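Student: My questions will all concern the structure given below.
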Amino acid sequence: MKKLIFLLFIGLLYGLSIVAQTAPKFRVIAFYTAKNDQAHISFVHEANKWFPAMAAKYHFAYDSTSNWNNLNAAFLKQYQVVIFLDTRPDGPAQRAAFQQYMENGGAWMGFHFSAFALNDSEVKEDWDWYHNTFLGSGQYVSNTWRPTSAVLRVEDKDHPAMKGLPTLWKSQPNEWYRWEKDLRQNPDIQILLSIDSTSFPLGTGPKLDEIWHSGYYPVVWANKNYKMIYMNMGHNDIDYEHHTNKDLSHTLDNEMEEKLIMNSLLWLGEGKRTDK
């Protein structure tokens with residue numbers, strides 16, 4: 001009898017061990033629209049193949065949805081990290097739920113177009129908390145064209161997202177954004193990566209104002225008051241000129257870019273805020 005109880009106990013421990021090994025370390029939900037610009041759509045499709053592969057490798061759970069009405073307290077309760085792959089919520093209830101989620105300790109990663117806002121466009125700067133308090137960037141001002149690789153400089157080597165990254169490294173082609181506000185002047189913002197001056201001139205035109213020759217341009221940053229990271233990557237190069245809309249580059253086809261994103265996601269899912 002004692003032997004049977006012992007064997008049952010061992011079996012129970014083994015079963016619990018299997019469950020512990022297979023349970024995800026954290027859960028991620030990615031929101032996307034995938035309707036605005038083929039370059040953004042291309043990145044969404046790429047990300048929704050890449051993240052599940054990373055989830056299997058690093059033992060987290062990854063779900064994605066184009067239903068922004070899922071941005072509510074009951075749904076978000078299931079997840080430790082929210083990702084905006086291309087856009088941001090427009091509905092007041094969705095926005096309120098996201099702000100509450102972040103203020104209650106949730107984590108967020110945003111890519112490229114998720115920070116875009118321009119009053120002289122269909123995507124207006126009408127969410128003050130998100131663009132000015134949370135991101136700190138204000139409105140979009142201008143961009144480079146066409147999508148071009150840049151040499152990026154690590155600005156904060158001690159942040160967990162920068163682990164194992166060289167001081168300088170070359171990115172995939174991207175459309176780079178310039179912002180209304182100087183993030184260096186915001187004490188809540190930690191700039192993690194910026195465009196190195198060796199990248200200039202950046203962009204090929206044909207418009208002269210889409211070729212940058214100087215200036216300071218943050219690419220990745222965090223906000224000390226929240227568990228968040230924004231990345232200006234996520235605009236693949238597309239063959240617009242020949243009207244094929246074929247992919248000419250992929251954001252995640254780059255060892256350093258992959259390392260950056262996984263460092264960031266693991267920190268968001270498992271780590272703590274880096275308040276200073």
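To be explicit about the labels: the chains of the structure tokens are called A, B, and onward in the order shown, and within each one the residues are counted from 1, while ligands get numbers from 1 in the order they are shown.
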Using only C-alpha atoms, which protein or nucleic acid residues come within 8 Å of stretch 159-166 of chain A? Drop anything in the same chain fewer than 4 positions from it, and give the result as a VMD selection string.
Tutor: chain A and resid 154 192 256 259 to 264 267 274
Student: Could the residues in this selection be saved with N, CA and C atoms as a compact mmCIF listing (two decimals), in the first residue's frame?
Tutor:
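Written file, selection-v5.txt:
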# COMPACT_ATOMS: atom_id res chain seq x y z
N VAL A 154 23.43 52.36 -30.17
CA VAL A 154 22.86 52.08 -28.85
C VAL A 154 23.12 53.27 -27.95
N LEU A 192 16.77 54.53 -26.42
CA LEU A 192 17.59 53.32 -26.43
C LEU A 192 18.42 53.17 -27.70
N MET A 256 20.39 41.29 -35.61
CA MET A 256 20.36 42.28 -34.53
C MET A 256 18.94 42.78 -34.27
N LYS A 259 17.22 40.14 -32.30
CA LYS A 259 17.70 40.15 -30.92
C LYS A 259 17.08 41.31 -30.15
N LEU A 260 17.02 42.48 -30.76
CA LEU A 260 16.41 43.65 -30.13
C LEU A 260 14.96 43.36 -29.74
N ILE A 261 14.19 42.81 -30.66
CA ILE A 261 12.77 42.58 -30.40
C ILE A 261 12.58 41.51 -29.34
N MET A 262 13.37 40.43 -29.40
CA MET A 262 13.21 39.38 -28.39
C MET A 262 13.70 39.84 -27.02
N ASN A 263 14.80 40.57 -26.97
CA ASN A 263 15.24 41.15 -25.69
C ASN A 263 14.11 41.98 -25.08
N SER A 264 13.51 42.80 -25.92
CA SER A 264 12.46 43.70 -25.46
C SER A 264 11.24 42.93 -24.98
N TRP A 267 11.87 41.07 -21.71
CA TRP A 267 11.88 42.03 -20.60
C TRP A 267 10.46 42.47 -20.26
N THR A 274 12.20 49.86 -15.70
CA THR A 274 13.56 50.34 -15.41
C THR A 274 13.51 51.78 -14.94
Student: When you look at A:His59 with a cut-off of 7 Å (counting only C-alpha atoms), what residues show up, excluding the ones that are within fewer than 4 positions of it in the same chain? I need them as a list in words.
Tutor: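 Once the nearby chain positions are removed, what remains is Pro24, Lys25 and Ala55 of chain A.
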Student: Go ahead and save the residues from that selection, with N, CA and C atoms, as a CSV table (one decimal), in the first residue's frame.
Tutor:
chain,number,residue,atom,x,y,z
A,24,PRO,N,3.0,28.4,-20.6
A,24,PRO,CA,3.7,29.6,-21.1
A,24,PRO,C,4.2,30.5,-20.0
A,25,LYS,N,5.4,31.1,-20.2
A,25,LYS,CA,5.9,32.0,-19.2
A,25,LYS,C,5.1,33.3,-19.1
A,55,ALA,N,7.6,32.2,-30.0
A,55,ALA,CA,6.9,31.8,-28.8
A,55,ALA,C,7.2,30.3,-28.5
Student: When DSSP works through the backbone of this structure, what residues of stretch 80-194 of chain A end up as alpha helix (DSSP H), shown as an NGL selection string?
Tutor: :A and (92-103 or 128)
Student: DSSP says strand (DSSP E or B) for which residues of stretch 51-252 of chain A? Put them as a ChimeraX atom specification?
Tutor: /A:61-65,81-84,107-111,140-143,148,151-154,168-170,174,177-179,189-195,202,212,218-223,227-231,238,247
Student: Give me the residues within 9 Å of A:Asn67 as a list of chain:residue names, counting only C-alpha atoms and dropping any in the same chain fewer than 5 places off.
Tutor: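 Once the nearby chain positions are removed, what remains is A:Phe31, A:Tyr32, A:Thr33.
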Student: Determine, counting only C-alpha atoms, which protein, DNA and RNA residues have an atom within 8 Å of an atom of A:Met231; residues of the same chain fewer than 6 positions away are not included. Present the result as a PDB file with N, CA and C atoms, in the first residue's frame.
Tutor:
ATOM      1  N   MET A 109       4.416  46.829 -26.519  1.00  0.00           N
ATOM      2  CA  MET A 109       5.414  47.071 -27.553  1.00  0.00           C
ATOM      3  C   MET A 109       4.688  47.588 -28.792  1.00  0.00           C
ATOM      4  N   GLY A 110       5.182  48.680 -29.355  1.00  0.00           N
ATOM      5  CA  GLY A 110       4.572  49.245 -30.550  1.00  0.00           C
ATOM      6  C   GLY A 110       5.579  49.360 -31.674  1.00  0.00           C
ATOM      7  N   PHE A 111       5.092  49.157 -32.903  1.00  0.00           N
ATOM      8  CA  PHE A 111       5.950  49.240 -34.077  1.00  0.00           C
ATOM      9  C   PHE A 111       5.526  50.393 -34.978  1.00  0.00           C
ATOM     10  N   HIS A 112       6.498  51.070 -35.546  1.00  0.00           N
ATOM     11  CA  HIS A 112       6.380  52.021 -36.640  1.00  0.00           C
ATOM     12  C   HIS A 112       5.088  52.847 -36.654  1.00  0.00           C
ATOM     13  N   VAL A 219      15.042  56.147 -32.499  1.00  0.00           N
ATOM     14  CA  VAL A 219      14.421  55.037 -33.220  1.00  0.00           C
ATOM     15  C   VAL A 219      13.671  54.113 -32.263  1.00  0.00           C
ATOM     16  N   VAL A 220      14.261  53.858 -31.098  1.00  0.00           N
ATOM     17  CA  VAL A 220      13.636  52.997 -30.085  1.00  0.00           C
ATOM     18  C   VAL A 220      13.720  53.713 -28.745  1.00  0.00           C
ATOM     19  N   TRP A 221      12.605  53.728 -28.022  1.00  0.00           N
ATOM     20  CA  TRP A 221      12.647  54.344 -26.697  1.00  0.00           C
ATOM     21  C   TRP A 221      11.636  53.711 -25.754  1.00  0.00           C
TER      22      TRP A 221
END
Student: With a distance cut-off of 6 Å and only C-alpha atoms, select the neighbouring residues of stretch 69-73 of chain A, excluding the residue or stretch itself and same-chain residues fewer than 3 positions from it, and output the selection as a PyMOL selection string.
Tutor: chain A and resi 76+94+97
Student: With N, CA and C atoms retained, could you export that selection as a PDB file, in the first residue's frame?
Tutor:
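And here's selection24.pdb as it stands now:
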ATOM      1  N   LEU A  76      -8.102  41.841 -21.961  1.00  0.00           N
ATOM      2  CA  LEU A  76      -6.698  42.126 -21.668  1.00  0.00           C
ATOM      3  C   LEU A  76      -6.208  41.437 -20.404  1.00  0.00           C
ATOM      4  N   GLN A  94     -11.971  51.686 -26.238  1.00  0.00           N
ATOM      5  CA  GLN A  94     -10.737  50.934 -26.468  1.00  0.00           C
ATOM      6  C   GLN A  94      -9.536  51.688 -25.888  1.00  0.00           C
ATOM      7  N   ALA A  97      -9.542  51.582 -22.072  1.00  0.00           N
ATOM      8  CA  ALA A  97      -9.151  50.260 -21.579  1.00  0.00           C
ATOM      9  C   ALA A  97      -7.646  50.068 -21.674  1.00  0.00           C
TER      10      ALA A  97
END
Student: What's around A:Pro173 at 10 Å? Count only C-alpha atoms, leave out sequence neighbours fewer than 5 positions away in its own chain, and write the answer as number ranges by chain.
Tutor: A: 146-150, 203, 233-237, 248-251
Student: Taking only C-alpha atoms into account, which of A:Trp50, A:Trp212, A:Tyr58, A:Tyr130 comes nearest A:Arg27?
Tutor: A:Tyr58
Student: For A:Gln190, which residue out of A:His40, A:Lys227, A:Lys124, A:His131 is the nearest one, using only C-alpha atoms?
Tutor: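 Looking only at the distances to A:Gln190, the closest residue turns out to be A:Lys227.
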Student: Just give me the gap between atom CA of A:Ala74 and atom CA of A:Glu270 in Å, one decimal is fine.
Tutor: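 Interatomic distance here is 21.4 Å.
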Student: Pick from A:Ala222, A:Met54, A:Leu118, A:Ala61: nearest to A:Ile29, with only C-alpha atoms counted?
Tutor: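 Nearest candidate to A:Ile29 out of A:Ala222, A:Met54, A:Leu118, A:Ala61: A:Ala61.
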Student: What gap, in Å, lies between atom CA of A:Phe75 and atom CA of A:Phe26?
Tutor: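 A separation of 14.9 Å between them.
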Student: Quick one: residues within 7 Å of A:Glu180, only C-alpha atoms counted, chain neighbours fewer than 4 positions away excluded, as a list in words?
Tutor: Ser137, Gly138, Gln139, Tyr140 and Val141 of chain A
Student: Filtering to C-alpha atoms, could you give me those residues as an mmCIF file, in the first residue's frame?
Tutor:
data_model
loop_
_atom_site.group_PDB
_atom_site.id
_atom_site.type_symbol
_atom_site.label_atom_id
_atom_site.label_comp_id
_atom_site.auth_asym_id
_atom_site.auth_seq_id
_atom_site.Cartn_x
_atom_site.Cartn_y
_atom_site.Cartn_z
ATOM 1 C CA SER A 137 6.684 62.172 -29.372
ATOM 2 C CA GLY A 138 3.664 64.267 -30.325
ATOM 3 C CA GLN A 139 2.831 64.395 -34.006
ATOM 4 C CA TYR A 140 4.726 62.900 -36.930
ATOM 5 C CA VAL A 141 6.641 65.593 -38.828
#
Student: Quick one: pull the distance between atom CA of A:Pro89 and atom CA of A:Asn36, Å, one decimal.
Tutor: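 Answer for the atom CA of A:Pro89 to atom CA of A:Asn36 separation: 13.9 Å.
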